[in-house]
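S.K.: One structure is given below, represented as structure tokens, and several questions about it will come after.
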Amino acid sequence: MKLICIGRNYADHIKELENEKPTDPVVFLKPDSSILAKKQPFFIPDFSDDIHHEVEVLVRINKVGKYIDKKFAHKYYNEIGLGIDFTARDLQAQLKDKGLPWEKAKGFDGAAVIGDWVKVKDIANVDDINFSLKKNTTLVQEGNTSLMLWKIDEIIEYISKYFTLKIGDIIFTGTPAGVGKVSAGDELTGYLEDKRMFSIKIR
Ligand code: ZN
């Protein structure tokens with residue numbers, strides 16, 4: 001399976017990192033080895049002094065598809081989740097400066113947190129989901145899927161032009177503002193509406 005990630009999908013986060021608003025979605029992949037094992041802490045890797053949390057809504061693909069029209073995209077997933085796209089921001093900045101791919105900054109072991117899943121049928125509107133992240137007891141990130149530049153079904157249309165979507169593939173739909181550094185001893189807790197979706201200790 002593959003993890004397909006969308007970058008710069010919320011206007012407020014683009015502003016925060018002083019990025020340009022893209023004309024197409026920014027797409028990158030994380031390898032399956034980047035998935036943090038359930039109930040395991042996240043260990044800060046020795047190659048970075050600036051690991052950032054990016055809380056993101058996840059979509060799990062349940063049907064094989066290619067060239068999916070956005071009108072039919074809803075038939076290709078029945079679960080929505082929440083996760084973290086951990087990013088070595090210092091390493092990413094170096095790679096960006098040199099025009100190199102981001103994989104080392106985004107795809108390292110443990111860089112993909114995948115929390116619990118909620119059935120789409122239990123969600124009133126996938127384009128109006130509140131989600132948030134707490135670092136320890138402080139609310140650090142808050143978003144709503146209505147604020148995405150590319151909505152879930154548009155993302156599926158776009159990425160399926162390039163990648164055949166397979167059962168079990170997971171889409172990371174981008175992060176809202178509020179990304180920030182994690183330190184050893186922190187605990188990150190993610191919420192989809194009022195439901196706690198994951199809790200991760202940083203070591
Ligand atoms: Zn991200």
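Numbering starts fresh at 1 for the residues of each chain in the structure tokens, the chains themselves are lettered A, B, ... in the order given, and ligands are numbered from 1 as they appear.
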Neighbours of ligand 1 at 8 Å or closer, counting only C-alpha atoms and all ligand atoms: which residues, as number ranges by chain?

M.R.: A: 5-8, 54-56, 84-87, 172-175

S.K.: Using C-alpha atoms, can you write the selected residues to a file as a short mmCIF file (atom, residue, chain, number, x, y, z; two decimals), in the first residue's frame?

M.R.:
```
data_model
loop_
_atom_site.label_atom_id
_atom_site.label_comp_id
_atom_site.auth_asym_id
_atom_site.auth_seq_id
_atom_site.Cartn_x
_atom_site.Cartn_y
_atom_site.Cartn_z
CA CYS A 5 0.03 13.15 0.73
CA ILE A 6 -1.24 16.55 -0.31
CA GLY A 7 0.77 19.62 0.63
CA ARG A 8 -0.40 23.23 0.87
CA GLU A 54 1.02 18.31 10.86
CA VAL A 55 -2.43 16.98 11.79
CA GLU A 56 -4.36 15.80 8.73
CA ILE A 84 0.04 13.17 11.59
CA ASP A 85 2.41 13.91 8.75
CA PHE A 86 5.59 14.34 10.82
CA THR A 87 8.03 16.57 8.97
CA PHE A 172 -3.17 12.50 3.80
CA THR A 173 -5.20 15.55 2.82
CA GLY A 174 -2.95 18.37 4.07
CA THR A 175 -2.58 20.36 7.26
#
```

S.K.: Counting only C-alpha atoms, which residues of range 6-92 of chain A fall within 7 Å of range 151-168 of chain A, and what is the closest atom pair for each with its distance in Å at one decimal, ordered by chain and rising number, as a Markdown table?

M.R.:
```
| residue | atom | partner | partner_atom | distance |
| --- | --- | --- | --- | --- |
| A:Arg60 | CA | A:Gly168 | CA | 6.0 |
| A:Ile61 | CA | A:Ile167 | CA | 5.3 |
| A:Asn62 | CA | A:Ile167 | CA | 4.6 |
| A:Lys63 | CA | A:Ile167 | CA | 5.1 |
| A:Val64 | CA | A:Lys166 | CA | 4.5 |
| A:Gly65 | CA | A:Leu165 | CA | 5.2 |
| A:Lys66 | CA | A:Thr164 | CA | 4.8 |
| A:Tyr67 | CA | A:Lys161 | CA | 4.9 |
| A:Ile68 | CA | A:Glu157 | CA | 5.1 |
| A:Asp69 | CA | A:Glu157 | CA | 5.3 |
| A:Lys70 | CA | A:Asp153 | CA | 5.0 |
| A:Ala73 | CA | A:Asp153 | CA | 5.2 |
| A:His74 | CA | A:Asp153 | CA | 6.5 |
```

S.K.: With all heavy atoms retained, could you export that selection as an mmCIF file, in the first residue's frame?

M.R.:
```
data_model
loop_
_atom_site.group_PDB
_atom_site.id
_atom_site.type_symbol
_atom_site.label_atom_id
_atom_site.label_comp_id
_atom_site.auth_asym_id
_atom_site.auth_seq_id
_atom_site.Cartn_x
_atom_site.Cartn_y
_atom_site.Cartn_z
ATOM 1 N N ARG A 60 -9.247 6.460 3.496
ATOM 2 C CA ARG A 60 -8.753 5.119 3.143
ATOM 3 C C ARG A 60 -9.500 4.593 1.916
ATOM 4 O O ARG A 60 -10.724 4.473 1.931
ATOM 5 C CB ARG A 60 -8.905 4.154 4.306
ATOM 6 C CG ARG A 60 -8.358 2.773 3.957
ATOM 7 C CD ARG A 60 -7.752 2.055 5.130
ATOM 8 N NE ARG A 60 -8.732 1.686 6.121
ATOM 9 C CZ ARG A 60 -8.410 1.085 7.275
ATOM 10 N NH1 ARG A 60 -7.152 0.816 7.558
ATOM 11 N NH2 ARG A 60 -9.345 0.768 8.129
ATOM 12 N N ILE A 61 -8.744 4.276 0.872
ATOM 13 C CA ILE A 61 -9.307 3.797 -0.400
ATOM 14 C C ILE A 61 -9.778 2.341 -0.234
ATOM 15 O O ILE A 61 -9.061 1.518 0.343
ATOM 16 C CB ILE A 61 -8.228 3.912 -1.515
ATOM 17 C CG1 ILE A 61 -7.844 5.386 -1.727
ATOM 18 C CG2 ILE A 61 -8.679 3.249 -2.806
ATOM 19 C CD1 ILE A 61 -8.956 6.290 -2.194
ATOM 20 N N ASN A 62 -10.981 2.045 -0.746
ATOM 21 C CA ASN A 62 -11.501 0.672 -0.600
ATOM 22 C C ASN A 62 -11.862 0.022 -1.932
ATOM 23 O O ASN A 62 -12.544 -0.995 -1.963
ATOM 24 C CB ASN A 62 -12.707 0.655 0.347
ATOM 25 C CG ASN A 62 -13.923 1.330 -0.251
ATOM 26 O OD1 ASN A 62 -13.807 2.050 -1.234
ATOM 27 N ND2 ASN A 62 -15.081 1.095 0.328
ATOM 28 N N LYS A 63 -11.383 0.618 -3.024
ATOM 29 C CA LYS A 63 -11.710 0.072 -4.343
ATOM 30 C C LYS A 63 -10.614 0.527 -5.312
ATOM 31 O O LYS A 63 -10.143 1.668 -5.222
ATOM 32 C CB LYS A 63 -13.047 0.685 -4.768
ATOM 33 C CG LYS A 63 -13.746 0.022 -5.900
ATOM 34 C CD LYS A 63 -15.193 0.518 -5.930
ATOM 35 C CE LYS A 63 -15.579 0.884 -7.331
ATOM 36 N NZ LYS A 63 -16.981 1.351 -7.394
ATOM 37 N N VAL A 64 -10.203 -0.351 -6.212
ATOM 38 C CA VAL A 64 -9.159 -0.002 -7.177
ATOM 39 C C VAL A 64 -9.726 0.979 -8.199
ATOM 40 O O VAL A 64 -10.859 0.806 -8.664
ATOM 41 C CB VAL A 64 -8.630 -1.276 -7.888
ATOM 42 C CG1 VAL A 64 -7.618 -0.913 -8.980
ATOM 43 C CG2 VAL A 64 -8.007 -2.226 -6.885
ATOM 44 N N GLY A 65 -8.944 2.012 -8.513
ATOM 45 C CA GLY A 65 -9.444 2.958 -9.503
ATOM 46 C C GLY A 65 -8.355 3.789 -10.141
ATOM 47 O O GLY A 65 -7.311 4.050 -9.530
ATOM 48 N N LYS A 66 -8.607 4.213 -11.364
ATOM 49 C CA LYS A 66 -7.705 5.124 -12.078
ATOM 50 C C LYS A 66 -8.584 6.081 -12.879
ATOM 51 O O LYS A 66 -9.688 5.727 -13.284
ATOM 52 C CB LYS A 66 -6.803 4.300 -13.000
ATOM 53 C CG LYS A 66 -5.708 5.141 -13.643
ATOM 54 C CD LYS A 66 -4.630 4.277 -14.261
ATOM 55 C CE LYS A 66 -3.606 5.105 -15.010
ATOM 56 N NZ LYS A 66 -2.782 5.960 -14.137
ATOM 57 N N TYR A 67 -8.112 7.298 -13.086
ATOM 58 C CA TYR A 67 -8.913 8.319 -13.787
ATOM 59 C C TYR A 67 -10.326 8.399 -13.214
ATOM 60 O O TYR A 67 -11.316 8.256 -13.930
ATOM 61 C CB TYR A 67 -8.974 8.028 -15.297
ATOM 62 C CG TYR A 67 -7.662 8.281 -16.007
ATOM 63 C CD1 TYR A 67 -6.914 7.228 -16.517
ATOM 64 C CD2 TYR A 67 -7.171 9.576 -16.141
ATOM 65 C CE1 TYR A 67 -5.693 7.454 -17.152
ATOM 66 C CE2 TYR A 67 -5.957 9.806 -16.775
ATOM 67 C CZ TYR A 67 -5.230 8.746 -17.278
ATOM 68 O OH TYR A 67 -4.034 8.976 -17.895
ATOM 69 N N ILE A 68 -10.413 8.591 -11.914
ATOM 70 C CA ILE A 68 -11.710 8.647 -11.228
ATOM 71 C C ILE A 68 -12.254 10.077 -11.352
ATOM 72 O O ILE A 68 -11.575 11.030 -10.940
ATOM 73 C CB ILE A 68 -11.542 8.265 -9.738
ATOM 74 C CG1 ILE A 68 -10.962 6.847 -9.610
ATOM 75 C CG2 ILE A 68 -12.875 8.382 -8.995
ATOM 76 C CD1 ILE A 68 -10.419 6.524 -8.226
ATOM 77 N N ASP A 69 -13.441 10.199 -11.875
ATOM 78 C CA ASP A 69 -14.088 11.515 -11.944
ATOM 79 C C ASP A 69 -14.534 11.901 -10.530
ATOM 80 O O ASP A 69 -14.976 11.040 -9.759
ATOM 81 C CB ASP A 69 -15.296 11.432 -12.881
ATOM 82 C CG ASP A 69 -15.866 12.809 -13.182
ATOM 83 O OD1 ASP A 69 -16.516 13.405 -12.289
ATOM 84 O OD2 ASP A 69 -15.651 13.290 -14.310
ATOM 85 N N LYS A 70 -14.428 13.195 -10.198
ATOM 86 C CA LYS A 70 -14.802 13.598 -8.821
ATOM 87 C C LYS A 70 -16.255 13.269 -8.493
ATOM 88 O O LYS A 70 -16.590 13.042 -7.331
ATOM 89 C CB LYS A 70 -14.467 15.062 -8.564
ATOM 90 C CG LYS A 70 -15.263 16.051 -9.355
ATOM 91 C CD LYS A 70 -14.841 17.467 -8.979
ATOM 92 C CE LYS A 70 -15.649 18.459 -9.788
ATOM 93 N NZ LYS A 70 -14.878 19.613 -10.230
ATOM 94 N N ALA A 73 -15.972 9.838 -7.080
ATOM 95 C CA ALA A 73 -14.885 9.605 -6.118
ATOM 96 C C ALA A 73 -15.397 9.055 -4.783
ATOM 97 O O ALA A 73 -14.718 8.255 -4.140
ATOM 98 C CB ALA A 73 -14.106 10.894 -5.900
ATOM 99 N N HIS A 74 -16.600 9.468 -4.372
ATOM 100 C CA HIS A 74 -17.135 9.010 -3.075
ATOM 101 C C HIS A 74 -17.329 7.491 -3.022
ATOM 102 O O HIS A 74 -17.444 6.919 -1.948
ATOM 103 C CB HIS A 74 -18.460 9.721 -2.764
ATOM 104 C CG HIS A 74 -19.557 9.362 -3.714
ATOM 105 N ND1 HIS A 74 -19.732 10.015 -4.920
ATOM 106 C CD2 HIS A 74 -20.514 8.413 -3.656
ATOM 107 C CE1 HIS A 74 -20.770 9.476 -5.566
ATOM 108 N NE2 HIS A 74 -21.261 8.506 -4.816
#
```

S.K.: Tell me which of A:Arg203, A:Gly190, A:Glu79, A:Gln40 sits closest to Thr137 in chain A, counting only C-alpha atoms.

M.R.: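 Of A:Arg203, A:Gly190, A:Glu79, A:Gln40, the one nearest Thr137 in chain A is A:Gly190, counting only C-alpha atoms.
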
S.K.: I need the residues in range 41-197 of chain A that are alpha helix (DSSP H) according to DSSP; give them as a list of chain:residue names.

M.R.: A:Arg89, A:Asp90, A:Leu91, A:Gln92, A:Ala93, A:Gln94, A:Leu95, A:Lys96, A:Asp97, A:Glu103, A:Lys104, A:Ala105, A:Lys106, A:Ile152, A:Asp153, A:Glu154, A:Ile155, A:Ile156, A:Glu157, A:Tyr158, A:Ile159

S.K.: Would you save the residues of that selection, restricted to C-alpha atoms, as a CSV table (one decimal), in the first residue's frame?

M.R.:
```
chain,number,residue,atom,x,y,z
A,89,ARG,CA,11.3,20.9,8.8
A,90,ASP,CA,15.0,21.7,8.9
A,91,LEU,CA,15.9,18.9,6.5
A,92,GLN,CA,12.9,19.8,4.3
A,93,ALA,CA,14.1,23.5,4.1
A,94,GLN,CA,17.6,22.3,3.0
A,95,LEU,CA,16.2,20.0,0.4
A,96,LYS,CA,13.8,22.6,-0.9
A,97,ASP,CA,16.6,25.1,-1.2
A,103,GLU,CA,11.3,12.1,0.9
A,104,LYS,CA,14.0,12.1,3.6
A,105,ALA,CA,12.1,14.9,5.5
A,106,LYS,CA,8.7,13.3,5.2
A,152,ILE,CA,-11.5,15.1,-0.8
A,153,ASP,CA,-13.3,14.1,-4.1
A,154,GLU,CA,-11.2,16.6,-6.1
A,155,ILE,CA,-8.0,15.2,-4.6
A,156,ILE,CA,-9.0,11.7,-5.6
A,157,GLU,CA,-9.8,12.9,-9.2
A,158,TYR,CA,-6.4,14.6,-9.4
A,159,ILE,CA,-4.1,11.9,-7.9
```

S.K.: For Lys134 in chain A, which residue among A:Asn9, A:Ser33, A:Thr189, A:Ser48 is the nearest when counting only C-alpha atoms?

M.R.: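 Smallest separation from Lys134 in chain A among the options: A:Thr189.
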
S.K.: DSSP on the backbone, then: every residue of range 1-185 of chain A marked strand (DSSP E), written as a ChimeraX atom specification.

M.R.: /A:3-7,26-30,51-53,55-61,77-85,87-88,112-119,130-135,138-144,170-172,180-181

S.K.: Suppose we keep C-alpha atoms; can you now write the selection as a PDB file, in the first residue's frame?

M.R.:
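Ended up saving to selection-v7.pdb:
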```pdb
ATOM      1  CA  LEU A   3       0.495   6.849   1.475  1.00  0.00           C
ATOM      2  CA  ILE A   4      -0.319   9.729  -0.847  1.00  0.00           C
ATOM      3  CA  CYS A   5       0.033  13.148   0.731  1.00  0.00           C
ATOM      4  CA  ILE A   6      -1.242  16.549  -0.312  1.00  0.00           C
ATOM      5  CA  GLY A   7       0.774  19.622   0.626  1.00  0.00           C
ATOM      6  CA  VAL A  26       1.346  19.485  -4.241  1.00  0.00           C
ATOM      7  CA  VAL A  27       1.600  15.681  -4.094  1.00  0.00           C
ATOM      8  CA  PHE A  28       4.203  13.474  -2.440  1.00  0.00           C
ATOM      9  CA  LEU A  29       4.365   9.890  -1.187  1.00  0.00           C
ATOM     10  CA  LYS A  30       5.487   8.319   2.046  1.00  0.00           C
ATOM     11  CA  ILE A  51      10.368  17.835  13.824  1.00  0.00           C
ATOM     12  CA  HIS A  52       6.952  19.413  13.199  1.00  0.00           C
ATOM     13  CA  HIS A  53       3.503  17.938  13.733  1.00  0.00           C
ATOM     14  CA  VAL A  55      -2.428  16.978  11.787  1.00  0.00           C
ATOM     15  CA  GLU A  56      -4.362  15.804   8.726  1.00  0.00           C
ATOM     16  CA  VAL A  57      -7.654  14.171   7.789  1.00  0.00           C
ATOM     17  CA  LEU A  58      -7.067  10.755   6.201  1.00  0.00           C
ATOM     18  CA  VAL A  59      -9.048   8.889   3.556  1.00  0.00           C
ATOM     19  CA  ARG A  60      -8.753   5.119   3.143  1.00  0.00           C
ATOM     20  CA  ILE A  61      -9.307   3.797  -0.400  1.00  0.00           C
ATOM     21  CA  TYR A  77     -13.671   5.268   0.159  1.00  0.00           C
ATOM     22  CA  ASN A  78     -15.879   4.491   3.124  1.00  0.00           C
ATOM     23  CA  GLU A  79     -13.661   5.492   6.039  1.00  0.00           C
ATOM     24  CA  ILE A  80     -12.207   8.785   7.209  1.00  0.00           C
ATOM     25  CA  GLY A  81      -9.387   8.984   9.726  1.00  0.00           C
ATOM     26  CA  LEU A  82      -6.967  11.367  11.360  1.00  0.00           C
ATOM     27  CA  GLY A  83      -3.195  11.251  11.440  1.00  0.00           C
ATOM     28  CA  ILE A  84       0.045  13.170  11.595  1.00  0.00           C
ATOM     29  CA  ASP A  85       2.415  13.909   8.745  1.00  0.00           C
ATOM     30  CA  THR A  87       8.034  16.569   8.973  1.00  0.00           C
ATOM     31  CA  ALA A  88      11.721  17.236   9.596  1.00  0.00           C
ATOM     32  CA  ALA A 112       3.161   8.706   9.415  1.00  0.00           C
ATOM     33  CA  VAL A 113       0.744   8.452  12.327  1.00  0.00           C
ATOM     34  CA  ILE A 114      -2.530   6.740  11.450  1.00  0.00           C
ATOM     35  CA  GLY A 115      -5.226   6.937  14.093  1.00  0.00           C
ATOM     36  CA  ASP A 116      -8.671   5.374  14.333  1.00  0.00           C
ATOM     37  CA  TRP A 117     -11.209   5.317  11.494  1.00  0.00           C
ATOM     38  CA  VAL A 118     -14.811   6.509  11.267  1.00  0.00           C
ATOM     39  CA  LYS A 119     -17.287   5.183   8.703  1.00  0.00           C
ATOM     40  CA  ASN A 130     -13.923  19.675  12.388  1.00  0.00           C
ATOM     41  CA  PHE A 131     -10.596  18.301  13.548  1.00  0.00           C
ATOM     42  CA  SER A 132      -7.913  19.404  15.970  1.00  0.00           C
ATOM     43  CA  LEU A 133      -4.631  18.561  17.650  1.00  0.00           C
ATOM     44  CA  LYS A 134      -3.602  19.107  21.235  1.00  0.00           C
ATOM     45  CA  LYS A 135       0.035  19.212  22.324  1.00  0.00           C
ATOM     46  CA  THR A 138      -2.764  23.112  24.584  1.00  0.00           C
ATOM     47  CA  LEU A 139      -4.838  23.245  21.406  1.00  0.00           C
ATOM     48  CA  VAL A 140      -2.223  23.778  18.656  1.00  0.00           C
ATOM     49  CA  GLN A 141      -4.043  23.010  15.387  1.00  0.00           C
ATOM     50  CA  GLU A 142      -7.664  23.323  14.413  1.00  0.00           C
ATOM     51  CA  GLY A 143      -9.256  22.887  11.002  1.00  0.00           C
ATOM     52  CA  ASN A 144     -12.370  22.068   9.041  1.00  0.00           C
ATOM     53  CA  ILE A 170      -4.304   6.150   2.452  1.00  0.00           C
ATOM     54  CA  ILE A 171      -4.524   9.804   1.462  1.00  0.00           C
ATOM     55  CA  PHE A 172      -3.165  12.505   3.804  1.00  0.00           C
ATOM     56  CA  GLY A 180       5.034  23.389  15.249  1.00  0.00           C
ATOM     57  CA  LYS A 181       7.955  21.650  16.840  1.00  0.00           C
TER      58      LYS A 181
END
```

S.K.: A:Leu17, A:Val120, A:Ala11, A:Ala111: which is nearest Leu36 in chain A, counting only C-alpha atoms?

M.R.: A:Ala111

S.K.: So which residues touch Gly185 in chain A within 12 Å, counting only C-alpha atoms, skipping near sequence neighbours fewer than 4 positions away, as an NGL selection string?

M.R.: :A and (41-44 or 135-136 or 200-203)
